[in-house]
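A.B. asks: Sharing a structure, written as structure tokens. Questions coming.
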Amino acid sequence: MTFSPFSLCILFATALLAAVLVASVAVLLVVLADFAEENAYLFRNALKVLLVVNVVVHISILCVDGISVVASVLSILLNVLYAVYLKDFPYVPFKKNSLPLLAATATGAVAESLLWFWKLSSDATYYYNMTSWSLISFLLFLWLVPLLLVVSVSVEDDRLPGFATRSGRKL
């Protein structure tokens, strides 16, 4: 591969665009965190609507497209697990019995992304019909709910290190 001034310019512009996109997403997450903190009830309702839309989209992908039954069922089950977290929203209680649920949800989210990415990038039928932007958009769609849940959670104050408990002892 030869490097011409034009290809170097394109490479630099692409790297600059990627840096701007990463910075924009970081700023967006901070703004969403502030919004979620100030309007917890509204944000909780928005997450509920997003979860319903997510489940409907995955059911339609399963029934109409039939791309991947395993990935679709996993996506639907994960959205049900995400809905469990809305019960105590925006607080995340750290209890010993909630750690397996948290581990299962995190592992499931990573497995879901890997399954969909593998399915969409390995199958020639979908690979040639999908652009990289549509693949990135779909993966963003998969990670939208988990990112919004992570951005909007608040840890209970008495569970943070250095805070006194009700008995007056520090953790």
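Each chain in the structure tokens gets a letter, A, B, ..., in the order shown, and its residues are numbered from 1; ligands are numbered from 1 in order too.
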Env of range 30-42 of chain A: 7 Å cut, atoms = only C-alpha atoms, seq-sep filter 2 positions within chain, self excluded. Answer as a short mmCIF file (atom, residue, chain, number, x, y, z; two decimals) with N, CA, C and O atoms, in the first residue's frame.
C.D. replies:
data_model
loop_
_atom_site.label_atom_id
_atom_site.label_comp_id
_atom_site.auth_asym_id
_atom_site.auth_seq_id
_atom_site.Cartn_x
_atom_site.Cartn_y
_atom_site.Cartn_z
N ALA A 26 -19.08 10.87 24.98
CA ALA A 26 -18.76 11.08 26.40
C ALA A 26 -19.54 12.27 26.96
O ALA A 26 -20.09 12.20 28.06
N VAL A 27 -19.61 13.36 26.21
CA VAL A 27 -20.37 14.53 26.65
C VAL A 27 -21.86 14.21 26.73
O VAL A 27 -22.54 14.61 27.68
N LEU A 28 -22.35 13.46 25.76
CA LEU A 28 -23.76 13.07 25.78
C LEU A 28 -24.09 12.24 27.01
O LEU A 28 -25.13 12.43 27.65
N ARG A 44 -37.07 7.21 34.23
CA ARG A 44 -37.53 5.84 34.45
C ARG A 44 -38.62 5.48 33.47
O ARG A 44 -38.63 4.40 32.89
N ASN A 45 -39.56 6.39 33.25
CA ASN A 45 -40.62 6.14 32.28
C ASN A 45 -40.08 6.04 30.87
O ASN A 45 -40.55 5.22 30.07
N ALA A 46 -39.09 6.87 30.54
CA ALA A 46 -38.47 6.79 29.22
C ALA A 46 -37.76 5.45 29.03
O ALA A 46 -37.81 4.85 27.95
N PRO A 90 -33.72 5.02 40.77
CA PRO A 90 -32.38 4.97 40.22
C PRO A 90 -31.34 4.36 41.16
O PRO A 90 -30.16 4.49 40.93
N VAL A 151 -25.59 4.88 33.23
CA VAL A 151 -25.46 6.32 33.40
C VAL A 151 -26.39 6.85 34.48
O VAL A 151 -26.05 7.77 35.21
N SER A 152 -27.56 6.23 34.62
CA SER A 152 -28.58 6.82 35.47
C SER A 152 -28.64 6.24 36.87
O SER A 152 -29.42 6.73 37.68
#
A.B. asks: Of the candidates A:Ala19, A:Leu11, A:Val110, A:Leu47, which one gets nearest to Lys87 in chain A if we count only C-alpha atoms?
C.D. replies: A:Leu47
A.B. asks: Out of A:Val64, A:Leu77, A:Val25, A:Ala13, which residue has the shortest atom-to-atom distance to Leu51 in chain A when counting only C-alpha atoms?
C.D. replies: A:Leu77
A.B. asks: Which residue is closest to Leu115 in chain A? Choose from A:Phe89, A:Leu74, A:Gly66, A:Leu99 and count only C-alpha atoms.
C.D. replies: A:Leu74
A.B. asks: Rank A:Phe6, A:Ala109, A:Asn54, A:Leu102 by their smallest atom-to-atom distance to Tyr85 in chain A, using only C-alpha atoms, and report the top residue only.
C.D. replies: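 Among the listed residues, A:Leu102 lies closest to Tyr85 in chain A.
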A.B. asks: Determine the nearest neighbour of Val49 in chain A from the options A:Leu147, A:Leu142, A:Leu86, A:Leu114, counting only C-alpha atoms.
C.D. replies: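 Nearest to Val49 in chain A: A:Leu86.
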A.B. asks: Quick one: of A:Thr14, A:Ser7, A:Ser24, A:Ser68, who's nearest to Glu112 in chain A, counting only C-alpha atoms?
C.D. replies: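 For Glu112 in chain A, the nearest of the given residues is A:Ser68.
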